[in-house]
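Peer 1: Encoded as structure tokens, here's the structure I'll be asking about.
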Amino acid sequence: MNFNHLRAFYCVAKNRSFSIASEELHVSQPTISMQVKSLEQTYNVQLIRRGHKFFQLTEEGEIVYSHAKQIFTLTQNLKKLISDFSENIIRIGSTPYIAHHILPNLLMILKESNPNMKVEIYTGLSTEILHMVLDSEYHVGVIGRLPYPETIVSKFITEKRLYYITKDPRLPNSLHLKELQNCPIILPEKGSATREYIIGEFNKRNLLMTIYVECENPPAIKHMVHFGLGGAFFCLYDIEEDVKQRRFRKINLIENLSLNYDLIFLKERKDSKIVEIFDAIMQRLDMGLGKHERMETS
């Protein structure tokens with residue numbers, strides 16, 4: 001099979017356009033048309049129905065496109081894996097919490113042991129980071145625990161206790177989760193591991209959750225709590241200064257809810273030099289993380 005012809009067809013089918021495919025592959029549109037036609041003639045099958053302002057894949061075209069997509073996705077992933085051997089760079093995906101409170105210490109150790117290593121850090125929701133690791137965009141991710149597919153290796157990093165923050169003076173300093181059933185709750189947006197964990201804890205106890213608003217920005221959530229619009233769930237790191245300044249109250253949850261954070265990477269990367277370096281540094285940080293956790297939960 002001529003892979004240039006297959007790639008031409010794949011780009012045309014992906015973009016539903018010969019002109020866009022020609023721009024993407026940096027060849028002329030007549031060349032793209034000729035390559036697709038050659039693929040069809042080689043296997044005596046029509047892959048595309050086309051006409052004036054009309055484009056449609058045939059049933060055979062849909063099948064070929066599905067397999068071609070897998071082939072070229074694997075090819076792209078392989079290129080990224082091979083680049084690990086030559087690039088002196090590590091791409092890390094992280095939640096904002098980890099980026100603020102754990103990665104700075106990690107980067108200090110990384111720079112001490114590998115001064116020439118270039119580091120790129122990207123922050124986002126846990127589900128976003130997971131998908132980017134799956135797509136080989138990031139070498140590793142450090143995220144709140146989620147259900148992981150079989151292609152992902154996960155290693156426990158730390159466990160952070162969650163507190164309920166509120167401006168409501170009527171609530172006691174410690175309470176059960178069921179006492180929050182009628183309280184307006186401000187949740188992170190979909191894709192947040194904290195959100196999924198909290199909803200799961202309410203559901204498994206058959207408790208009603210009154211969701212007042214959903215917000216993508218943690219500082220904005222704390223701001224809304226400060227103005228008495230509802231309550232929210234945060235780790236101590238994120239709220240201790242606000243509590244000291246009495247912007248809102250910190251309520252202990254008797255159930256001791258806590259969120260696990262994991263280091264994740266693709267199974268096929270587990271023997272790569274970059275992942276080994278990062279994993280070793282995370283293990284060096286284990287003692288410090290565990291010590292802080294004991295202090296936090298005491």
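To be explicit about the labels: the chains of the structure tokens are called A, B, and onward in the order shown, and within each one the residues are counted from 1, while ligands get numbers from 1 in the order they are shown.
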Residues near stretch 173-177 of chain A, anyone? I mean within 9 Å using only C-alpha atoms, not counting same-chain ones fewer than 2 positions away, as an mmCIF file with N, CA and C atoms, in the first residue's frame.

Peer 2:
data_model
loop_
_atom_site.group_PDB
_atom_site.id
_atom_site.type_symbol
_atom_site.label_atom_id
_atom_site.label_comp_id
_atom_site.auth_asym_id
_atom_site.auth_seq_id
_atom_site.Cartn_x
_atom_site.Cartn_y
_atom_site.Cartn_z
ATOM 1 N N LEU A 171 -23.538 27.197 61.129
ATOM 2 C CA LEU A 171 -23.010 25.836 61.059
ATOM 3 C C LEU A 171 -21.979 25.594 62.148
ATOM 4 N N GLU A 179 -25.499 16.945 56.930
ATOM 5 C CA GLU A 179 -25.962 18.244 57.420
ATOM 6 C C GLU A 179 -25.822 19.343 56.370
ATOM 7 N N LEU A 180 -25.208 19.015 55.240
ATOM 8 C CA LEU A 180 -25.033 19.997 54.164
ATOM 9 C C LEU A 180 -26.058 19.823 53.043
ATOM 10 N N GLN A 181 -27.015 18.913 53.241
ATOM 11 C CA GLN A 181 -27.969 18.614 52.169
ATOM 12 C C GLN A 181 -28.750 19.842 51.695
ATOM 13 N N GLU A 201 -19.244 11.065 46.826
ATOM 14 C CA GLU A 201 -19.429 10.883 48.274
ATOM 15 C C GLU A 201 -20.877 11.167 48.676
ATOM 16 N N PHE A 202 -21.498 12.164 48.073
ATOM 17 C CA PHE A 202 -22.915 12.436 48.339
ATOM 18 C C PHE A 202 -23.782 11.292 47.828
ATOM 19 N N ARG A 205 -23.933 7.955 49.764
ATOM 20 C CA ARG A 205 -24.661 8.059 51.028
ATOM 21 C C ARG A 205 -26.128 8.414 50.798
ATOM 22 N N LEU A 207 -27.390 11.113 49.588
ATOM 23 C CA LEU A 207 -27.643 12.461 50.086
ATOM 24 C C LEU A 207 -27.961 13.399 48.923
ATOM 25 N N ARG A 249 -15.252 30.682 56.936
ATOM 26 C CA ARG A 249 -14.948 29.689 57.979
ATOM 27 C C ARG A 249 -14.531 28.364 57.354
ATOM 28 N N LYS A 250 -13.714 27.616 58.064
ATOM 29 C CA LYS A 250 -13.304 26.265 57.674
ATOM 30 C C LYS A 250 -14.029 25.263 58.564
ATOM 31 N N ILE A 251 -14.828 24.395 57.965
ATOM 32 C CA ILE A 251 -15.609 23.401 58.696
ATOM 33 C C ILE A 251 -14.980 22.019 58.519
ATOM 34 N N ASN A 252 -14.741 21.335 59.626
ATOM 35 C CA ASN A 252 -14.225 19.973 59.568
ATOM 36 C C ASN A 252 -15.343 19.004 59.206
ATOM 37 N N LEU A 253 -15.068 18.089 58.297
ATOM 38 C CA LEU A 253 -16.034 17.059 57.926
ATOM 39 C C LEU A 253 -15.723 15.794 58.705
ATOM 40 N N ILE A 254 -16.680 15.322 59.475
ATOM 41 C CA ILE A 254 -16.458 14.162 60.350
ATOM 42 C C ILE A 254 -16.105 12.926 59.531
ATOM 43 N N GLU A 255 -16.578 12.854 58.289
ATOM 44 C CA GLU A 255 -16.255 11.705 57.428
ATOM 45 C C GLU A 255 -14.798 11.718 56.965
#

Peer 1: Which residues come within 7 Å of stretch 34-47 of chain A, counting only C-alpha atoms, excluding same-chain residues fewer than 5 positions away, as a list of chain:residue names?

Peer 2: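 So the residues in contact are A:His5, A:Leu6, A:Ala8, A:Phe9, A:Leu57, A:Thr58, A:Glu60, A:Gly61.
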
Peer 1: Go ahead and save the picked residues with N, CA and C atoms, as a short mmCIF file (atom, residue, chain, number, x, y, z; two decimals), in the first residue's frame.

Peer 2:
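The result, stored in part-v6.cif:
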data_model
loop_
_atom_site.label_atom_id
_atom_site.label_comp_id
_atom_site.auth_asym_id
_atom_site.auth_seq_id
_atom_site.Cartn_x
_atom_site.Cartn_y
_atom_site.Cartn_z
N HIS A 5 -0.55 7.90 -0.55
CA HIS A 5 -1.92 7.93 -1.05
C HIS A 5 -2.91 7.78 0.10
N LEU A 6 -2.59 6.90 1.04
CA LEU A 6 -3.48 6.69 2.19
C LEU A 6 -3.54 7.95 3.04
N ALA A 8 -3.10 11.01 2.01
CA ALA A 8 -3.88 12.00 1.27
C ALA A 8 -5.37 11.76 1.49
N PHE A 9 -5.78 10.50 1.36
CA PHE A 9 -7.20 10.18 1.59
C PHE A 9 -7.60 10.51 3.03
N LEU A 57 -18.33 10.25 2.31
CA LEU A 57 -17.58 9.00 2.27
C LEU A 57 -18.55 7.86 1.99
N THR A 58 -18.12 6.93 1.17
CA THR A 58 -18.90 5.72 0.96
C THR A 58 -18.75 4.83 2.19
N GLU A 60 -17.35 1.98 2.27
CA GLU A 60 -15.96 1.52 2.24
C GLU A 60 -15.02 2.64 2.68
N GLY A 61 -15.34 3.85 2.28
CA GLY A 61 -14.52 4.99 2.68
C GLY A 61 -14.51 5.20 4.17
#

Peer 1: Would you please extract all helix (DSSP H, G or I) residues from stretch 44-267 of chain A, as assigned by DSSP on the backbone, and give them as a VMD selection string?

Peer 2: chain A and resid 59 to 86 96 to 101 103 to 113 126 to 134 177 to 180 193 to 204 218 to 226 236 to 244 267

Peer 1: Can you tell me how far atom CA of A:Lys14 sits from atom CA of A:Lys267, in Å to one decimal?

Peer 2: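 Answer for the atom CA of A:Lys14 to atom CA of A:Lys267 separation: 28.2 Å.
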
Peer 1: Report the closest atom pair, with its distance in Å rounded to one decimal, for each residue of stretch 38-131 of chain A that has an atom no farther than 8 Å from stretch 184-193 of chain A; count only C-alpha atoms, sort by chain and then rising residue number, and write it as a Markdown table.

Peer 2:
| residue | atom | partner | partner_atom | distance |
| --- | --- | --- | --- | --- |
| A:Leu125 | CA | A:Ser192 | CA | 5.3 |
| A:Ser126 | CA | A:Ser192 | CA | 5.6 |
| A:Thr127 | CA | A:Gly191 | CA | 5.0 |
| A:Glu128 | CA | A:Gly191 | CA | 7.0 |

Peer 1: Can you spit out the residues from that selection as a short mmCIF file (atom, residue, chain, number, x, y, z; two decimals), in the first residue's frame, using C-alpha atoms?

Peer 2:
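And here is the file that came out, again.cif:
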data_model
loop_
_atom_site.label_atom_id
_atom_site.label_comp_id
_atom_site.auth_asym_id
_atom_site.auth_seq_id
_atom_site.Cartn_x
_atom_site.Cartn_y
_atom_site.Cartn_z
CA LEU A 125 -8.60 20.02 34.83
CA SER A 126 -7.69 16.46 35.80
CA THR A 127 -9.67 14.96 32.91
CA GLU A 128 -8.00 17.34 30.44
#

Peer 1: My list of candidates is A:Asn2, A:Thr194, A:Asn203, A:Thr210. Which is closest to A:Phe233 when distances are computed with only C-alpha atoms?

Peer 2: A:Thr194

Peer 1: Show which residues sit within 10 Å of A:Arg16, as JSON, numbers by chain. Count only C-alpha atoms, and ignore same-chain residues fewer than 5 positions away.

Peer 2: {"A": [9, 10, 11, 21, 48, 54, 55, 56, 57]}

Peer 1: Given the choices A:Thr123, A:Ser113, A:Asn260, A:Gln70, which gets closest to A:Ile157 if the distance is worked out from only C-alpha atoms?

Peer 2: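 Among the listed residues, A:Asn260 lies closest to A:Ile157.
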
Peer 1: Check stretch 140-209 of chain A with DSSP on the backbone and list each residue it calls strand (DSSP E or B), as a list in words.

Peer 2: Val140, Gly141, Val142, Ile143, Gly144, Ile152, Val153, Ser154, Lys155, Phe156, Ile157, Thr158, Glu159, Lys160, Arg161, Leu162, Tyr163, Tyr164, Ile165, Thr166, Ser174, Leu175, Pro184, Ile185, Ile186, Leu187 and Pro188 of chain A

Peer 1: Please write the residues from the selection above to a file, keeping N, CA and C atoms, as an mmCIF file, in the first residue's frame.

Peer 2:
data_model
loop_
_atom_site.group_PDB
_atom_site.id
_atom_site.type_symbol
_atom_site.label_atom_id
_atom_site.label_comp_id
_atom_site.auth_asym_id
_atom_site.auth_seq_id
_atom_site.Cartn_x
_atom_site.Cartn_y
_atom_site.Cartn_z
ATOM 1 N N VAL A 140 4.171 13.198 31.463
ATOM 2 C CA VAL A 140 3.556 12.769 32.723
ATOM 3 C C VAL A 140 2.447 13.750 33.092
ATOM 4 N N GLY A 141 1.566 13.292 33.976
ATOM 5 C CA GLY A 141 0.545 14.162 34.543
ATOM 6 C C GLY A 141 0.513 13.974 36.041
ATOM 7 N N VAL A 142 0.167 15.024 36.758
ATOM 8 C CA VAL A 142 -0.008 14.938 38.210
ATOM 9 C C VAL A 142 -1.401 15.493 38.494
ATOM 10 N N ILE A 143 -2.337 14.603 38.837
ATOM 11 C CA ILE A 143 -3.744 14.988 38.878
ATOM 12 C C ILE A 143 -4.473 14.342 40.058
ATOM 13 N N GLY A 144 -5.670 14.877 40.337
ATOM 14 C CA GLY A 144 -6.555 14.231 41.284
ATOM 15 C C GLY A 144 -7.028 12.910 40.701
ATOM 16 N N ILE A 152 -2.799 3.401 31.085
ATOM 17 C CA ILE A 152 -2.192 4.373 31.998
ATOM 18 C C ILE A 152 -1.600 3.685 33.226
ATOM 19 N N VAL A 153 -0.394 4.086 33.587
ATOM 20 C CA VAL A 153 0.220 3.685 34.858
ATOM 21 C C VAL A 153 0.008 4.842 35.835
ATOM 22 N N SER A 154 -0.495 4.531 37.026
ATOM 23 C CA SER A 154 -0.695 5.569 38.039
ATOM 24 C C SER A 154 0.062 5.206 39.305
ATOM 25 N N LYS A 155 0.657 6.217 39.934
ATOM 26 C CA LYS A 155 1.378 6.033 41.184
ATOM 27 C C LYS A 155 0.910 7.075 42.197
ATOM 28 N N PHE A 156 0.514 6.603 43.355
ATOM 29 C CA PHE A 156 0.018 7.490 44.402
ATOM 30 C C PHE A 156 1.105 8.490 44.828
ATOM 31 N N ILE A 157 0.706 9.759 44.944
ATOM 32 C CA ILE A 157 1.631 10.804 45.377
ATOM 33 C C ILE A 157 1.318 11.257 46.792
ATOM 34 N N THR A 158 0.090 11.711 46.978
ATOM 35 C CA THR A 158 -0.276 12.237 48.287
ATOM 36 C C THR A 158 -1.789 12.216 48.432
ATOM 37 N N GLU A 159 -2.242 12.377 49.653
ATOM 38 C CA GLU A 159 -3.672 12.427 49.962
ATOM 39 C C GLU A 159 -3.940 13.720 50.715
ATOM 40 N N LYS A 160 -4.897 14.507 50.229
ATOM 41 C CA LYS A 160 -5.186 15.793 50.839
ATOM 42 C C LYS A 160 -6.606 15.820 51.385
ATOM 43 N N ARG A 161 -6.694 16.180 52.650
ATOM 44 C CA ARG A 161 -7.994 16.257 53.297
ATOM 45 C C ARG A 161 -8.777 17.459 52.767
ATOM 46 N N LEU A 162 -10.081 17.273 52.631
ATOM 47 C CA LEU A 162 -10.951 18.336 52.156
ATOM 48 C C LEU A 162 -11.741 18.942 53.314
ATOM 49 N N TYR A 163 -11.930 20.238 53.243
ATOM 50 C CA TYR A 163 -12.721 20.969 54.231
ATOM 51 C C TYR A 163 -13.855 21.694 53.518
ATOM 52 N N TYR A 164 -14.904 21.957 54.270
ATOM 53 C CA TYR A 164 -16.021 22.739 53.732
ATOM 54 C C TYR A 164 -15.846 24.168 54.204
ATOM 55 N N ILE A 165 -15.898 25.104 53.259
ATOM 56 C CA ILE A 165 -15.751 26.508 53.637
ATOM 57 C C ILE A 165 -17.091 27.218 53.448
ATOM 58 N N THR A 166 -17.399 28.126 54.342
ATOM 59 C CA THR A 166 -18.684 28.800 54.312
ATOM 60 C C THR A 166 -18.604 30.127 55.060
ATOM 61 N N SER A 174 -17.628 21.392 63.246
ATOM 62 C CA SER A 174 -17.499 20.049 62.667
ATOM 63 C C SER A 174 -18.901 19.530 62.383
ATOM 64 N N LEU A 175 -19.052 18.844 61.276
ATOM 65 C CA LEU A 175 -20.374 18.315 60.946
ATOM 66 C C LEU A 175 -20.274 17.113 60.026
ATOM 67 N N PRO A 184 -26.525 25.566 49.959
ATOM 68 C CA PRO A 184 -26.108 25.792 48.563
ATOM 69 C C PRO A 184 -24.612 25.533 48.410
ATOM 70 N N ILE A 185 -24.256 24.721 47.423
ATOM 71 C CA ILE A 185 -22.863 24.318 47.238
ATOM 72 C C ILE A 185 -22.355 24.802 45.884
ATOM 73 N N ILE A 186 -21.154 25.346 45.903
ATOM 74 C CA ILE A 186 -20.496 25.808 44.678
ATOM 75 C C ILE A 186 -19.473 24.753 44.270
ATOM 76 N N LEU A 187 -19.640 24.180 43.088
ATOM 77 C CA LEU A 187 -18.773 23.102 42.626
ATOM 78 C C LEU A 187 -17.841 23.560 41.511
ATOM 79 N N PRO A 188 -16.665 22.921 41.412
ATOM 80 C CA PRO A 188 -15.818 23.156 40.231
ATOM 81 C C PRO A 188 -16.536 22.634 38.990
#
